[in-house]
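Below is one structure, written out as structure tokens, with a few remarks after it.
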Amino acid sequence: MLNPNLDDIQLTKDDYERYSRHLILPEIGLEGQKRLKAASVLCIGTGGLGSPLLLYLAAAGIGRIGIVDFDVVDFSNLQRQVIHGTSWVGKPKIQSAKDRILEINPYCQVDLYETRLSSENALAIIEPYDIVVDGTDNFPTRYLVNDACVLAGKPNVYGSIFRFEGQATVFNYQDGPNYRDLYPEPPPPGLVPSCAEGGVLGILPGLIGVVQATETVKIITGVGQTLSGRLLLYNALNMTFRELKLRPNPVRPVIDKLIDYEEFCGIPQAQAAEAQQQAAMEEITVKQLKEILDSGASDYVLLDVRNPNEYEIAKIPGSVLVPLPDIENGNGVDKVKELVNGHKLIVHCKMGGRSAKAVGILKEAGISGINVKGGINAWSQEVDPSVPQY
């Protein structure tokens, strides 16, 4: 439980009416609501997790909320990022979030940090707040948030989502574990797909974000038992919850400074390797592909390596589907050999990444291929706008 000085915290007539359902809960009551009003919470990210989290923290009566984000609202966000609306597409997420928060609670102080959280600014941004809530979606920032919270002595309310599954816990609270106890080392870059690559059930972050909001309120008011030392695992398809014990690792590295987290997670090395691979790979643009299709040439095979459900959404005329997982496990390589049969191979995917990977695998199997830069998204943007983007 946070221990603010409540002597100067007074509830107004509007507060009594607004928070009446809290006030009549013996576990919260007048003191608990004052604690909420006195509290300050920093939310890193206003995406799928940050959206429900911010809505419920504002509604609960948190007195000061900080928001860190540098992105703009995109149409693809609206399926799950419920704090934003269609009218905000193309505009800053933090401003959209602030406007919605003030609609819910006009008495909340909202601080905006329209910047990327970094080792240079993290400690200064975190310092004024009681609690940090991690709503990010990448490993470098998660390690950065964790280490900054350890150095600043702040609780870190954690959540993550992927496809139909989510996790939540509380790090760095009452001598409990921190993120490095759960993940001592980051996974290799690219091993865990992003939501843009792997997809996510839109409702999933709503549930995990609400769990994060619940844990934040419990820390502030001292009610109940937090998730510190426990990792909550949720599977939306099966509607199951599991719980794993988490304990501090006695031999974990001492966190005494913030480091280069991109380097720590191997991002520059992966980007250099990818750039080297692309430099050695033959590529064409979607406009060049269009010229080949329009020429009526028959000496090529256009291979689509996306997943079957993506192929149903949109396809380039004349393309043949062999999903990348089939090529990776070897089952699709023989099929590609049969398709090529002396023809030129052109490979595409959604944005060019998976097709480049496929070209590399096929090259090792003795099949030369040409990658289409930008994939079907670029095709939709530059050649045929009637093809849906997703």
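How things are named: the first chain in the structure tokens is A, the next is B, and so on; residues count from 1 in each chain; ligands count from 1 in the order shown.
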**OP:** For region 35-44 of chain A, work out the shell of residues within 7 Å, counting only C-alpha atoms and skipping chain neighbours fewer than 4 positions away, then give it as number ranges by chain.
**Re:** A: 4, 9, 31, 50, 61-69, 126, 129-136, 220-221
**OP:** Find the residues around Gln389 (chain A) up to 8 Å (only C-alpha atoms counted), leave out those fewer than 4 positions away in its own chain, and share them as number ranges by chain.
**Re:** A: 314, 377, 380
Original post:
Which one is closest to Arg100 (chain A): A:Pro189, A:Gly85, A:Pro317, A:Gly352? Count only C-alpha atoms.
Top reply: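 Residue with the minimum atom-to-atom distance to Arg100 (chain A): A:Gly85.
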**OP:** Write down as a PyMOL selection string the residues of region 17-214 of chain A whose backbone DSSP state falls under helix (DSSP H, G or I).
**Re:** chain A and resi 17-18+20-23+29-38+50-60+75-77+86-88+93-104+122-126+139-152+179-182+195-198+204-214
Subject >> Minimum-distance residue to Arg80 (chain A), chosen among A:Arg142, A:His343, A:Arg247, A:Arg163 (using only C-alpha atoms) >> reply: A:Arg163
Original post:
Got a sec: who's within 10 Å of region 32-34 of chain A, counting only C-alpha atoms, leaving out chain neighbours fewer than 5 positions off, as a ChimeraX atom specification?
Top reply: /A:4-11,15-16,19-20,22-23,25-27,39,60-63,217-218,220-223
Original post:
Of the residues A:Phe75, A:Tyr390, A:Phe241, A:Tyr179, which is the one nearest to Ile208 (chain A), using only C-alpha atoms?
Top reply: A:Phe241
Subject >> Neighbour list for Leu191 (chain A) as a PyMOL selection string, cut-off 12 Å, only C-alpha atoms, skip fewer than 6 positions in-chain >> reply: chain A and resi 138-139+197-198+265-267+270
Original post:
Which residues in region 91-139 of chain A does DSSP call strand (DSSP E or B)? List them as a ChimeraX atom specification.
Top reply: /A:92,109-113,131-134
Original post:
At what distance in Å, to one decimal, does CA of Lys350 (chain A) lie from CA of Asp137 (chain A)?
Top reply: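 Spanning CA of Asp137 (chain A) to CA of Lys350 (chain A) is a straight-line distance of 20.3 Å.
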Original post:
Which residue, A:Lys337, A:His84, A:Lys257, A:Arg242, has the smallest gap to Asn146 (chain A) when you use only C-alpha atoms?
Top reply: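 For Asn146 (chain A), the nearest of the candidates is A:Lys257.
Considering only C-alpha atoms, the residue among A:Ala148, A:Leu231, A:Ala236, A:Cys108 positioned nearest to Glu165 (chain A) is A:Ala236.
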Subject >> Atom pair CA of Ser76 (chain A) / CA of Thr141 (chain A): separation (Å) >> reply: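 Those two atoms sit 22.0 Å apart.
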Subject >> Spatial neighbours of Val210 (chain A), 9 Å, only C-alpha atoms, chain gap at least 2 places, as a list of chain:residue names >> reply: A:Leu49, A:Pro52, A:Leu53, A:Tyr56, A:Pro205, A:Gly206, A:Leu207, A:Ile208, A:Gln212, A:Ala213, A:Thr214, A:Glu215
**OP:** Please identify all polymer residues within 12 Å of Asn307 (chain A), counting only C-alpha atoms, omitting same-chain residues fewer than 2 positions from it, and present them as a VMD selection string.
**Re:** chain A and resid 197 to 199 304 to 305 309 to 315 320 to 327 348 to 350 354 to 355
